[in-house]
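K.L.:
What follows is the file my_file.cif, containing mmCIF, C-alpha atoms (C1' of nucleotides):
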data_coords
#
loop_
_atom_site.label_atom_id
_atom_site.label_comp_id
_atom_site.auth_asym_id
_atom_site.auth_seq_id
_atom_site.Cartn_x
_atom_site.Cartn_y
_atom_site.Cartn_z
CA MET O 1 1.34 2.19 5.34
CA ILE O 2 1.76 -1.51 5.79
CA SER O 3 -1.37 -3.57 6.45
CA ASN O 4 -2.57 -4.55 9.92
CA LYS O 5 -1.98 -8.12 8.83
CA ALA O 6 1.71 -7.50 8.26
CA ARG O 7 2.05 -5.57 11.50
CA TYR O 8 0.39 -8.38 13.44
CA ALA O 9 2.76 -10.82 11.78
CA PHE O 10 5.78 -8.90 13.05
CA ARG O 11 4.25 -8.64 16.50
CA ALA O 12 3.73 -12.39 16.57
CA LEU O 13 7.14 -13.23 15.17
CA LEU O 14 8.97 -11.01 17.63
CA THR O 15 7.03 -12.60 20.46
CA VAL O 16 7.79 -16.15 19.39
CA ALA O 17 11.43 -15.30 18.73
CA ALA O 18 11.78 -13.70 22.16
CA ALA O 19 10.39 -16.73 23.98
CA PRO O 20 12.88 -19.09 25.64
CA GLU O 21 14.30 -21.65 23.21
CA GLY O 22 11.91 -24.50 22.48
CA GLU O 23 9.04 -23.00 24.42
CA ALA O 24 5.89 -22.73 22.31
CA VAL O 25 3.75 -19.60 22.31
CA THR O 26 0.02 -19.95 21.63
CA SER O 27 -1.96 -17.80 19.25
CA ALA O 28 -4.38 -17.00 22.08
CA GLU O 29 -1.56 -15.67 24.23
CA ILE O 30 -0.27 -13.39 21.48
CA ALA O 31 -3.77 -12.22 20.62
CA ARG O 32 -4.52 -11.36 24.22
CA ARG O 33 -1.20 -9.61 24.82
CA TYR O 34 -1.46 -7.32 21.82
CA ASN O 35 -5.17 -7.00 21.45
CA ILE O 36 -5.24 -8.71 18.07
CA PRO O 37 -8.43 -10.46 16.85
CA HIS O 38 -7.70 -14.10 17.59
CA LYS O 39 -9.14 -15.77 14.50
CA PHE O 40 -7.45 -13.24 12.28
CA LEU O 41 -4.13 -13.90 13.97
CA GLU O 42 -4.54 -17.62 13.45
CA GLN O 43 -4.63 -17.08 9.69
CA ILE O 44 -1.51 -15.01 9.88
CA LEU O 45 0.41 -17.57 11.92
CA LEU O 46 -0.68 -20.17 9.43
CA ASP O 47 0.83 -18.10 6.63
CA LEU O 48 4.08 -17.81 8.56
CA ARG O 49 4.15 -21.56 9.02
CA LYS O 50 3.46 -22.21 5.34
CA ALA O 51 6.27 -19.82 4.53
CA GLY O 52 8.63 -22.01 6.55
CA ILE O 53 9.36 -19.41 9.17
CA LEU O 54 7.40 -20.80 12.10
CA ASP O 55 6.80 -24.34 13.24
CA SER O 56 3.68 -25.37 15.12
CA ARG O 57 2.60 -27.97 17.63
CA ARG O 58 -1.02 -28.95 17.99
CA GLY O 59 -3.10 -30.02 20.97
CA LYS O 60 -2.59 -29.25 24.61
CA SER O 61 0.71 -27.51 25.29
CA GLY O 62 0.81 -26.67 21.60
CA GLY O 63 1.73 -23.35 20.03
CA TYR O 64 4.34 -21.85 17.76
CA VAL O 65 8.13 -21.86 17.73
CA MET O 66 10.70 -20.51 15.31
CA LEU O 67 11.56 -22.95 12.54
CA ARG O 68 14.50 -20.87 11.32
CA PRO O 69 16.79 -18.84 13.60
CA ALA O 70 15.43 -15.33 14.16
CA ASP O 71 18.53 -13.69 12.74
CA THR O 72 17.99 -15.34 9.36
CA VAL O 73 14.51 -13.82 8.96
CA SER O 74 14.64 -10.31 7.53
CA PHE O 75 11.90 -7.73 7.79
CA GLY O 76 11.78 -7.58 4.02
CA GLU O 77 11.12 -11.29 3.68
CA VAL O 78 8.20 -11.17 6.09
CA LEU O 79 6.80 -8.05 4.53
CA ARG O 80 6.82 -9.63 1.09
CA ILE O 81 4.78 -12.58 2.37
CA PHE O 82 1.93 -10.31 3.37
CA GLU O 83 2.24 -7.34 1.06
CA GLY O 84 3.59 -8.84 -2.12
CA PRO O 85 6.38 -7.02 -3.97
CA LEU O 86 7.87 -4.08 -2.07
CA ALA O 87 9.02 -2.29 -5.21
CA PRO O 88 7.34 1.09 -5.68
CA LEU O 89 6.99 0.46 -9.41
CA PRO O 90 6.22 -2.79 -11.25
CA CYS O 91 9.26 -2.20 -13.45
CA LEU O 92 11.52 -2.22 -10.37
CA SER O 93 10.46 -5.59 -9.00
CA ARG O 94 12.76 -8.48 -9.79
CA GLN O 95 10.40 -11.14 -8.49
CA SER O 96 7.39 -9.94 -10.41
CA TYR O 97 8.59 -7.51 -13.05
CA ARG O 98 5.95 -5.80 -15.13
CA ARG O 99 6.29 -2.99 -17.61
CA CYS O 100 4.45 0.25 -16.84
CA GLU O 101 1.73 0.86 -19.41
CA ASP O 102 2.62 4.53 -19.60
CA CYS O 103 6.33 4.01 -20.07
CA VAL O 104 8.06 5.13 -23.24
CA SER O 105 11.65 4.16 -22.48
CA GLU O 106 12.39 2.24 -19.33
CA ALA O 107 16.13 2.79 -19.49
CA GLN O 108 15.63 6.54 -19.56
CA CYS O 109 12.62 6.84 -17.28
CA GLU O 110 13.23 9.49 -14.62
CA ILE O 111 10.48 8.11 -12.41
CA ARG O 112 12.07 4.71 -12.46
CA ARG O 113 15.48 6.17 -11.71
CA GLU O 114 14.37 8.22 -8.71
CA PHE O 115 12.16 5.55 -7.22
CA GLY O 116 14.95 3.09 -7.81
CA ARG O 117 17.11 5.13 -5.44
CA ALA O 118 14.36 5.25 -2.83
CA TYR O 119 13.76 1.53 -3.16
CA ASP O 120 17.46 0.75 -2.81
CA ALA O 121 17.67 2.84 0.33
CA SER O 122 14.63 1.18 1.83
CA ARG O 123 15.80 -2.30 0.92
CA ALA O 124 19.20 -1.64 2.45
CA VAL O 125 17.35 -1.57 5.76
CA LEU O 126 14.51 -4.05 5.28
CA ASP O 127 16.54 -6.79 3.63
CA THR O 128 19.44 -6.62 6.07
CA ARG O 129 17.75 -6.07 9.42
CA THR O 130 16.36 -9.27 10.93
CA ILE O 131 13.92 -10.24 13.65
CA GLY O 132 16.95 -11.29 15.66
CA ASP O 133 18.62 -7.89 15.21
CA ALA O 134 15.49 -6.15 16.37
CA LEU O 135 15.43 -8.15 19.60
CA THR O 136 19.08 -7.55 20.38
CA ASN O 137 19.29 -4.30 22.36
CA SER O 138 15.54 -4.41 22.71
CA ALA O 139 14.17 -3.09 25.96
CA TYR O 140 12.14 -6.27 26.09
CA GLY O 141 14.67 -8.67 24.69
CA THR O 142 14.25 -12.30 25.56
CA PRO O 143 13.16 -13.05 29.13
CA TRP O 144 16.55 -14.43 30.15
CA ARG O 145 18.24 -11.42 28.64
CA ARG O 146 16.05 -9.11 30.61
CA GLU O 147 17.06 -10.85 33.84
CA GLU O 148 20.69 -10.76 32.79
CA ARG O 149 20.44 -7.02 32.41
CA GLN O 150 18.75 -6.56 35.76
CA ALA O 151 21.34 -8.76 37.41
CA GLY O 152 24.29 -7.02 35.79
CA MET R 153 3.60 -0.12 -5.28
CA ILE R 154 2.50 3.44 -5.84
CA SER R 155 -0.86 3.97 -7.54
CA ASN R 156 -1.27 4.57 -11.25
CA LYS R 157 -2.65 7.95 -10.29
CA ALA R 158 0.60 8.97 -8.61
CA ARG R 159 2.69 7.60 -11.46
CA TYR R 160 0.62 9.52 -14.01
CA ALA R 161 1.09 12.64 -11.90
CA PHE R 162 4.87 12.30 -12.08
CA ARG R 163 4.71 11.64 -15.80
CA ALA R 164 2.66 14.79 -16.28
CA LEU R 165 4.79 16.93 -13.99
CA LEU R 166 8.03 15.90 -15.64
CA THR R 167 6.54 16.68 -19.02
CA VAL R 168 5.33 20.12 -18.03
CA ALA R 169 8.60 20.87 -16.27
CA ALA R 170 10.61 19.83 -19.31
CA ALA R 171 8.65 22.07 -21.66
CA PRO R 172 10.23 25.37 -22.69
CA GLU R 173 9.62 28.12 -20.11
CA GLY R 174 6.12 29.60 -20.34
CA GLU R 175 4.91 27.13 -22.93
CA ALA R 176 1.72 25.41 -21.81
CA VAL R 177 1.25 21.67 -22.23
CA THR R 178 -2.28 20.32 -22.69
CA SER R 179 -3.72 17.34 -20.87
CA ALA R 180 -4.60 15.80 -24.22
CA GLU R 181 -0.98 15.97 -25.35
CA ILE R 182 0.28 14.29 -22.20
CA ALA R 183 -2.43 11.64 -22.32
CA ARG R 184 -1.63 10.81 -25.93
CA ARG R 185 2.12 10.72 -25.39
CA TYR R 186 2.00 8.34 -22.46
CA ASN R 187 -1.13 6.41 -23.18
CA ILE R 188 -2.93 7.70 -20.10
CA PRO R 189 -6.76 7.80 -20.00
CA HIS R 190 -7.48 11.45 -20.76
CA LYS R 191 -10.35 12.09 -18.37
CA PHE R 192 -8.47 10.41 -15.57
CA LEU R 193 -5.43 12.56 -16.22
CA GLU R 194 -7.59 15.69 -16.12
CA GLN R 195 -8.52 14.92 -12.51
CA ILE R 196 -4.90 14.42 -11.64
CA LEU R 197 -3.79 17.70 -13.19
CA LEU R 198 -6.60 19.38 -11.32
CA ASP R 199 -5.22 18.00 -8.06
CA LEU R 200 -1.77 19.28 -8.92
CA ARG R 201 -3.20 22.70 -9.59
CA LYS R 202 -5.17 22.74 -6.35
CA ALA R 203 -1.97 21.76 -4.56
CA GLY R 204 -0.33 24.88 -5.94
CA ILE R 205 2.22 23.05 -8.06
CA LEU R 206 0.81 23.64 -11.52
CA ASP R 207 -0.88 26.63 -13.04
CA SER R 208 -3.43 26.33 -15.82
CA ARG R 209 -4.73 28.37 -18.73
CA ARG R 210 -8.13 27.67 -20.22
CA GLY R 211 -9.44 27.86 -23.73
CA LYS R 212 -7.57 27.75 -26.99
CA SER R 213 -3.80 27.65 -26.52
CA GLY R 214 -4.48 26.68 -22.94
CA GLY R 215 -2.77 24.00 -20.91
CA TYR R 216 -0.56 23.61 -17.88
CA VAL R 217 2.65 25.27 -16.74
CA MET R 218 4.70 25.02 -13.57
CA LEU R 219 3.56 27.39 -10.87
CA ARG R 220 6.59 26.72 -8.68
CA PRO R 221 10.11 26.03 -10.01
CA ALA R 222 10.63 22.34 -10.70
CA ASP R 223 13.55 22.12 -8.32
CA THR R 224 11.38 23.13 -5.37
CA VAL R 225 8.96 20.25 -5.93
CA SER R 226 10.16 17.05 -4.27
CA PHE R 227 9.02 13.56 -5.14
CA GLY R 228 7.87 13.12 -1.57
CA GLU R 229 5.60 16.15 -1.73
CA VAL R 230 3.89 14.94 -4.88
CA LEU R 231 3.57 11.42 -3.58
CA ARG R 232 1.87 12.62 -0.40
CA ILE R 233 -0.74 14.48 -2.45
CA PHE R 234 -1.88 11.27 -4.09
CA GLU R 235 -1.03 8.57 -1.59
CA GLY R 236 -1.49 10.28 1.74
CA PRO R 237 1.11 9.73 4.45
CA LEU R 238 4.22 7.86 3.30
CA ALA R 239 5.04 6.51 6.75
CA PRO R 240 4.92 2.71 6.92
CA LEU R 241 3.24 2.87 10.33
CA PRO R 242 0.63 5.31 11.62
CA CYS R 243 2.81 5.95 14.67
CA LEU R 244 5.64 7.16 12.41
CA SER R 245 3.68 9.82 10.57
CA ARG R 246 4.15 13.36 11.83
CA GLN R 247 1.39 14.83 9.68
CA SER R 248 -1.23 12.31 10.70
CA TYR R 249 0.05 10.45 13.73
CA ARG R 250 -2.07 7.61 15.04
CA ARG R 251 -1.29 5.08 17.71
CA CYS R 252 -1.22 1.41 16.65
CA GLU R 253 -4.04 -0.50 18.33
CA ASP R 254 -1.74 -3.41 19.03
CA CYS R 255 1.06 -1.38 20.54
CA VAL R 256 2.08 -1.87 24.15
CA SER R 257 4.93 0.61 24.41
CA GLU R 258 5.67 2.88 21.50
CA ALA R 259 9.04 3.99 22.83
CA GLN R 260 10.21 0.40 23.00
CA CYS R 261 8.48 -1.00 19.94
CA GLU R 262 10.91 -2.95 17.76
CA ILE R 263 8.63 -2.73 14.75
CA ARG R 264 8.49 1.02 15.04
CA ARG R 265 12.24 1.24 15.45
CA GLU R 266 13.09 -0.88 12.40
CA PHE R 267 10.49 0.67 10.14
CA GLY R 268 11.62 4.05 11.37
CA ARG R 269 15.04 3.32 9.90
CA ALA R 270 13.54 2.22 6.60
CA TYR R 271 11.32 5.27 6.47
CA ASP R 272 14.24 7.60 7.19
CA ALA R 273 16.25 6.02 4.42
CA SER R 274 13.42 6.31 1.97
CA ARG R 275 12.64 9.89 2.93
CA ALA R 276 16.26 10.87 2.55
CA VAL R 277 15.72 10.24 -1.15
CA LEU R 278 12.10 11.20 -1.73
CA ASP R 279 12.14 14.43 0.25
CA THR R 280 15.41 15.69 -1.19
CA ARG R 281 15.20 14.71 -4.85
CA THR R 282 13.09 17.08 -6.92
CA ILE R 283 11.40 17.08 -10.30
CA GLY R 284 14.12 19.48 -11.39
CA ASP R 285 16.89 17.12 -10.23
CA ALA R 286 15.31 14.27 -12.14
CA LEU R 287 15.36 16.25 -15.39
CA THR R 288 18.98 17.34 -15.00
CA ASN R 289 21.14 14.66 -16.60
CA SER R 290 18.02 13.15 -18.08
CA ALA R 291 18.33 11.58 -21.48
CA TYR R 292 15.23 13.52 -22.41
CA GLY R 293 15.97 16.71 -20.55
CA THR R 294 14.32 19.81 -21.87
CA PRO R 295 14.07 20.12 -25.64
CA TRP R 296 16.74 22.83 -25.86
CA ARG R 297 19.05 20.72 -23.70
CA ARG R 298 18.68 17.79 -26.02
CA GLU R 299 19.77 19.91 -28.96
CA GLU R 300 22.64 21.32 -26.97
CA ARG R 301 23.90 17.80 -26.34
CA GLN R 302 23.61 16.79 -29.97
CA ALA R 303 25.42 19.95 -31.00
CA GLY R 304 28.25 19.56 -28.46
"C1'" DC E 305 -10.72 -43.64 26.62
"C1'" DT E 306 -12.38 -39.16 26.89
"C1'" DA E 307 -12.41 -34.25 27.30
"C1'" DA E 308 -10.19 -30.12 26.75
"C1'" DA E 309 -7.07 -27.33 24.44
"C1'" DT E 310 -4.85 -26.21 20.65
"C1'" DG E 311 -3.85 -25.59 15.68
"C1'" DC E 312 -5.89 -26.16 10.67
"C1'" DC E 313 -8.82 -24.95 6.92
"C1'" DT E 314 -12.46 -22.71 4.10
"C1'" DA E 315 -16.06 -19.74 3.28
"C1'" DC E 316 -18.31 -15.48 3.94
"C1'" DT E 317 -19.10 -10.42 4.89
"C1'" DT E 318 -18.49 -5.55 4.88
"C1'" DA E 319 -16.24 -1.25 3.92
"C1'" DT E 320 -12.83 1.10 1.51
"C1'" DT E 321 -10.00 2.21 -2.28
"C1'" DG E 322 -8.19 2.19 -7.06
"C1'" DA E 323 -9.03 3.11 -11.54
"C1'" DA E 324 -11.36 4.68 -14.30
"C1'" DT E 325 -15.92 6.50 -17.16
"C1'" DA E 326 -19.47 9.96 -18.08
"C1'" DG E 327 -21.44 14.21 -18.89
"C1'" DG E 328 -21.61 18.45 -18.90
"C1'" DA E 329 -20.27 23.62 -17.13
"C1'" DT E 330 -17.07 27.39 -17.77
"C1'" DA E 331 -13.71 30.19 -19.95
"C1'" DA E 332 -10.62 32.05 -23.55
"C1'" DA E 333 -9.10 32.77 -28.41
"C1'" DG E 334 -9.84 33.64 -32.91
"C1'" DC N 335 -20.17 32.46 -31.77
"C1'" DT N 336 -17.69 28.34 -32.44
"C1'" DT N 337 -13.88 25.76 -31.18
"C1'" DT N 338 -10.82 24.15 -27.82
"C1'" DA N 339 -9.35 23.79 -23.69
"C1'" DT N 340 -9.90 23.33 -18.46
"C1'" DC N 341 -13.11 22.52 -14.43
"C1'" DC N 342 -16.23 19.94 -11.53
"C1'" DT N 343 -19.22 16.16 -9.80
"C1'" DA N 344 -21.29 11.84 -9.92
"C1'" DT N 345 -21.22 7.01 -10.95
"C1'" DT N 346 -19.42 2.35 -11.88
"C1'" DC N 347 -16.78 -1.83 -11.32
"C1'" DA N 348 -13.31 -4.75 -9.38
"C1'" DA N 349 -10.05 -5.74 -6.04
"C1'" DT N 350 -8.33 -5.64 -1.45
"C1'" DA N 351 -8.30 -5.06 3.68
"C1'" DA N 352 -9.89 -6.57 7.73
"C1'" DG N 353 -12.08 -9.18 9.86
"C1'" DT N 354 -16.08 -13.06 11.29
"C1'" DA N 355 -17.76 -17.70 11.48
"C1'" DG N 356 -17.92 -22.46 11.89
"C1'" DG N 357 -16.24 -26.49 12.21
"C1'" DC N 358 -12.37 -30.38 11.53
"C1'" DA N 359 -7.98 -32.52 13.22
"C1'" DT N 360 -4.55 -33.53 16.60
"C1'" DT N 361 -2.37 -33.92 20.95
"C1'" DT N 362 -2.13 -34.68 25.78
"C1'" DA N 363 -3.71 -34.73 30.69
"C1'" DG N 364 -6.42 -37.17 33.57
#
Output the file's structure as structure tokens, nothing else.
P.N.:
Amino acid sequence: MISNKARYAFRALLTVAAAPEGEAVTSAEIARRYNIPHKFLEQILLDLRKAGILDSRRGKSGGYVMLRPADTVSFGEVLRIFEGPLAPLPCLSRQSYRRCEDCVSEAQCEIRREFGRAYDASRAVLDTRTIGDALTNSAYGTPWRREERQAG
Amino acid sequence: MISNKARYAFRALLTVAAAPEGEAVTSAEIARRYNIPHKFLEQILLDLRKAGILDSRRGKSGGYVMLRPADTVSFGEVLRIFEGPLAPLPCLSRQSYRRCEDCVSEAQCEIRREFGRAYDASRAVLDTRTIGDALTNSAYGTPWRREERQAG
DNA sequence: CTAAATGCCTACTTATTGAATAGGATAAAG
DNA sequence: CTTTATCCTATTCAATAAGTAGGCATTTAG
């Protein structure tokens, strides 16, 4: 299970990414819409800004906008911000490799081999699918897309 | 990251499964071999026995043996014993489904859809690969297999 | 210029979980 | 009847999850 924090982050990101270009979305609006504790969400949005994914505007008519295009932000990248390494074993993480204390021979470790497969399979999804992908073909989509669909 | 507990469980299971048929392996032996806290490992082996995966013999010349054949025990099954549901979201778990508090429409939730893909990919490995599979082609293998290889 | 609305930042709390540690009870073999 | 194992329960300690709280800083509408 991923943490609530991470889930809220995705909820917020998808909302900001789906908003019309250049239009800022406030933390209060997101919190209200998805029933997320407001102050908690603020911390999360702050993390996303520090990670260089969101940009923010303060004061009246402030809020959050995408800093990078939504289709350059993968689910894996976001997840790592809030959950740390996604690898199921320390010895499988490239970013923060650590030997397992109970490991005799890493090269011949069956646990490592099998979880390596699982990790690869999972990464093939998480590191390729982006926030943008998720919104394309979404029932929500961006507002203008929704109207497009109704019109067509 | 999976817990130490789960990793120790795999270590123990692979060891017992690799032992010659009918030969019991003691918790002390496993603990020594892999540098696992003995008393902690005892609890883990107990869980595996209660789950119907291992059988145990008490007293002198006691220890643990497989209750079910190693190739009927999947990595996913073992993992679930120690980690609970593997689903990344409560709404994706069949065993213990729970709605996300911040969900507006489950059927149209992009987060659910994308993590569903990741979960499927991961399960395709974890729920098909077994302890037996992992030992086949293993550099360790079972003792008699190792000798076979050296001989051939 | 001022007030209101918004984001920014830090500290604190509370409950749960992970990772053991501890101490003995029970059973089987020799 | 002693040794060697498993079996069972309780306790500890640290880290993490999931918020709560309170105020500072900035922008803009009036």
K.L.:
Work out how far apart atom CA of Val125 of chain O and atom CA of Arg99 of chain O are and give it in Å to one decimal.
P.N.:
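Atom-to-atom, atom CA of Val125 of chain O to atom CA of Arg99 of chain O, that is 25.9 Å.
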K.L.:
Once chain R is superposed on chain O with a least-squares fit on all C-alpha pairs taken in order, can you show it as a short mmCIF file (atom, residue, chain, number, x, y, z; two decimals) with C-alpha atoms, in the frame of the given file?
P.N.:
data_model
loop_
_atom_site.label_atom_id
_atom_site.label_comp_id
_atom_site.auth_asym_id
_atom_site.auth_seq_id
_atom_site.Cartn_x
_atom_site.Cartn_y
_atom_site.Cartn_z
CA MET R 153 1.41 2.21 5.40
CA ILE R 154 1.83 -1.51 5.84
CA SER R 155 -1.31 -3.55 6.50
CA ASN R 156 -2.50 -4.53 9.95
CA LYS R 157 -1.94 -8.10 8.85
CA ALA R 158 1.77 -7.51 8.27
CA ARG R 159 2.13 -5.58 11.52
CA TYR R 160 0.43 -8.38 13.46
CA ALA R 161 2.79 -10.84 11.79
CA PHE R 162 5.82 -8.93 13.06
CA ARG R 163 4.31 -8.67 16.52
CA ALA R 164 3.77 -12.42 16.57
CA LEU R 165 7.18 -13.27 15.16
CA LEU R 166 9.02 -11.07 17.62
CA THR R 167 7.09 -12.65 20.45
CA VAL R 168 7.82 -16.20 19.37
CA ALA R 169 11.45 -15.35 18.71
CA ALA R 170 11.83 -13.77 22.13
CA ALA R 171 10.43 -16.79 23.94
CA PRO R 172 12.89 -19.16 25.60
CA GLU R 173 14.31 -21.72 23.14
CA GLY R 174 11.89 -24.57 22.42
CA GLU R 175 9.03 -23.04 24.37
CA ALA R 176 5.90 -22.78 22.25
CA VAL R 177 3.77 -19.64 22.27
CA THR R 178 0.04 -19.97 21.58
CA SER R 179 -1.94 -17.77 19.23
CA ALA R 180 -4.33 -17.00 22.06
CA GLU R 181 -1.50 -15.68 24.22
CA ILE R 182 -0.22 -13.41 21.48
CA ALA R 183 -3.71 -12.19 20.62
CA ARG R 184 -4.44 -11.35 24.24
CA ARG R 185 -1.12 -9.63 24.83
CA TYR R 186 -1.38 -7.33 21.85
CA ASN R 187 -5.09 -6.98 21.49
CA ILE R 188 -5.17 -8.69 18.10
CA PRO R 189 -8.37 -10.42 16.88
CA HIS R 190 -7.64 -14.07 17.63
CA LYS R 191 -9.12 -15.70 14.55
CA PHE R 192 -7.41 -13.18 12.32
CA LEU R 193 -4.08 -13.86 13.98
CA GLU R 194 -4.55 -17.60 13.45
CA GLN R 195 -4.62 -17.05 9.68
CA ILE R 196 -1.48 -14.99 9.89
CA LEU R 197 0.42 -17.58 11.91
CA LEU R 198 -0.71 -20.16 9.41
CA ASP R 199 0.83 -18.09 6.62
CA LEU R 200 4.07 -17.83 8.54
CA ARG R 201 4.12 -21.57 8.98
CA LYS R 202 3.41 -22.22 5.31
CA ALA R 203 6.25 -19.84 4.48
CA GLY R 204 8.58 -22.05 6.49
CA ILE R 205 9.35 -19.46 9.14
CA LEU R 206 7.38 -20.84 12.06
CA ASP R 207 6.78 -24.37 13.20
CA SER R 208 3.65 -25.39 15.08
CA ARG R 209 2.56 -27.99 17.60
CA ARG R 210 -1.08 -28.92 17.97
CA GLY R 211 -3.15 -29.90 20.95
CA LYS R 212 -2.56 -29.23 24.60
CA SER R 213 0.76 -27.50 25.26
CA GLY R 214 0.81 -26.66 21.58
CA GLY R 215 1.72 -23.37 19.98
CA TYR R 216 4.33 -21.85 17.72
CA VAL R 217 8.12 -21.89 17.69
CA MET R 218 10.70 -20.56 15.25
CA LEU R 219 11.53 -23.00 12.50
CA ARG R 220 14.48 -20.94 11.26
CA PRO R 221 16.80 -18.90 13.52
CA ALA R 222 15.46 -15.41 14.10
CA ASP R 223 18.55 -13.79 12.68
CA THR R 224 18.00 -15.42 9.29
CA VAL R 225 14.53 -13.90 8.92
CA SER R 226 14.67 -10.38 7.49
CA PHE R 227 11.95 -7.79 7.75
CA GLY R 228 11.82 -7.63 3.98
CA GLU R 229 11.14 -11.34 3.66
CA VAL R 230 8.23 -11.21 6.08
CA LEU R 231 6.83 -8.08 4.52
CA ARG R 232 6.83 -9.66 1.06
CA ILE R 233 4.80 -12.60 2.36
CA PHE R 234 1.96 -10.32 3.38
CA GLU R 235 2.26 -7.34 1.08
CA GLY R 236 3.58 -8.84 -2.12
CA PRO R 237 6.37 -7.04 -3.97
CA LEU R 238 7.88 -4.11 -2.08
CA ALA R 239 9.02 -2.29 -5.21
CA PRO R 240 7.33 1.09 -5.66
CA LEU R 241 6.97 0.47 -9.39
CA PRO R 242 6.17 -2.75 -11.24
CA CYS R 243 9.20 -2.18 -13.46
CA LEU R 244 11.47 -2.22 -10.39
CA SER R 245 10.40 -5.58 -9.04
CA ARG R 246 12.69 -8.48 -9.88
CA GLN R 247 10.33 -11.14 -8.55
CA SER R 248 7.31 -9.92 -10.46
CA TYR R 249 8.50 -7.48 -13.09
CA ARG R 250 5.85 -5.74 -15.14
CA ARG R 251 6.22 -2.93 -17.62
CA CYS R 252 4.39 0.33 -16.83
CA GLU R 253 1.66 0.96 -19.39
CA ASP R 254 2.58 4.62 -19.56
CA CYS R 255 6.28 4.10 -20.05
CA VAL R 256 8.01 5.23 -23.22
CA SER R 257 11.58 4.24 -22.46
CA GLU R 258 12.33 2.30 -19.32
CA ALA R 259 16.08 2.84 -19.52
CA GLN R 260 15.59 6.59 -19.57
CA CYS R 261 12.61 6.89 -17.26
CA GLU R 262 13.21 9.53 -14.59
CA ILE R 263 10.47 8.14 -12.38
CA ARG R 264 12.04 4.72 -12.45
CA ARG R 265 15.46 6.16 -11.72
CA GLU R 266 14.38 8.21 -8.70
CA PHE R 267 12.16 5.54 -7.21
CA GLY R 268 14.94 3.07 -7.83
CA ARG R 269 17.11 5.09 -5.47
CA ALA R 270 14.39 5.20 -2.84
CA TYR R 271 13.77 1.49 -3.17
CA ASP R 272 17.47 0.70 -2.85
CA ALA R 273 17.70 2.78 0.29
CA SER R 274 14.68 1.13 1.80
CA ARG R 275 15.84 -2.36 0.89
CA ALA R 276 19.24 -1.72 2.39
CA VAL R 277 17.42 -1.65 5.71
CA LEU R 278 14.57 -4.10 5.26
CA ASP R 279 16.57 -6.85 3.59
CA THR R 280 19.48 -6.69 6.01
CA ARG R 281 17.80 -6.16 9.38
CA THR R 282 16.41 -9.35 10.88
CA ILE R 283 13.97 -10.31 13.60
CA GLY R 284 17.01 -11.39 15.60
CA ASP R 285 18.70 -7.99 15.16
CA ALA R 286 15.57 -6.24 16.33
CA LEU R 287 15.50 -8.23 19.57
CA THR R 288 19.18 -7.64 20.34
CA ASN R 289 19.40 -4.41 22.33
CA SER R 290 15.66 -4.49 22.72
CA ALA R 291 14.25 -3.19 25.95
CA TYR R 292 12.16 -6.33 26.04
CA GLY R 293 14.71 -8.75 24.70
CA THR R 294 14.24 -12.35 25.67
CA PRO R 295 13.05 -13.00 29.21
CA TRP R 296 16.43 -14.32 30.38
CA ARG R 297 18.13 -11.27 28.87
CA ARG R 298 15.88 -8.96 30.78
CA GLU R 299 16.85 -10.61 34.04
CA GLU R 300 20.49 -10.51 33.09
CA ARG R 301 20.25 -6.75 32.63
CA GLN R 302 18.50 -6.23 35.94
CA ALA R 303 21.10 -8.37 37.66
CA GLY R 304 24.09 -6.63 36.05
#
K.L.:
Taking all atoms listed in the file into account, which of O:Lys50, O:Arg57, O:Arg11, O:Arg32 comes nearest chain N?
P.N.:
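Between O:Lys50, O:Arg57, O:Arg11, O:Arg32, the residue approaching chain N most closely is O:Arg57.
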K.L.:
Could you tell me which residues the PyMOL selection byres ((chain O) within 9 of (chain N)) returns for this structure, as a list in words?
P.N.:
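Expected selection for the PyMOL selection byres ((chain O) within 9 of (chain N)) here is Ser3, Asn4, Lys5, Pro37, Lys39, Phe40, Arg57, Arg58, Gly59, Lys60, Ser61 and Gly62 of chain O.
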K.L.:
Could you spell out the hits of the PyMOL selection byres ((chain E) within 12 of (chain R)) on the shown file, as a list in words?
P.N.:
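Matching residues under the PyMOL selection byres ((chain E) within 12 of (chain R)) are DT321, DG322, DA323, DA324, DT325, DA326, DG327, DT330, DA331, DA332, DA333 and DG334 of chain E.
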K.L.:
Counting all atoms listed in the file, collect the residues of chain O whose closest atom lies at most 9 Å from chain R, and write them out as JSON, numbers by chain.
P.N.:
{"O": [1, 2, 3, 7, 8, 10, 11, 14, 33, 34, 35, 36, 75, 85, 86, 87, 88, 89, 90, 101, 102, 103, 104, 108, 109, 110, 111, 113, 114, 115, 117, 118, 119, 120, 121, 122, 123, 124, 125, 126, 129, 131, 134, 135, 138, 139, 140]}
K.L.:
Please indicate the distance in Å from atom CA of Ser226 of chain R to atom CA of Thr280 of chain R, rounded to one decimal place.
P.N.:
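So the two atoms, atom CA of Ser226 of chain R and atom CA of Thr280 of chain R, lie 6.2 Å apart.
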K.L.:
To one decimal in Å, tell me the separation between atom CA of Glu229 of chain R and atom CA of Asp207 of chain R.
P.N.:
16.7 Å
K.L.:
May I have the residues within 7 Å of segment 21-27 of chain O as a ChimeraX atom specification, using only C-alpha atoms (C1' of nucleotides) and disregarding those fewer than 3 positions away in the same chain?
P.N.:
/O:16,30-31,41-42,62-65
K.L.:
Identify all residues satisfying the PyMOL selection byres ((chain R and resi 223) around 6) in the given file; provide them as a list in words.
P.N.:
Pro221, Ala222, Thr224, Val225, Thr282, Ile283 and Gly284 of chain R
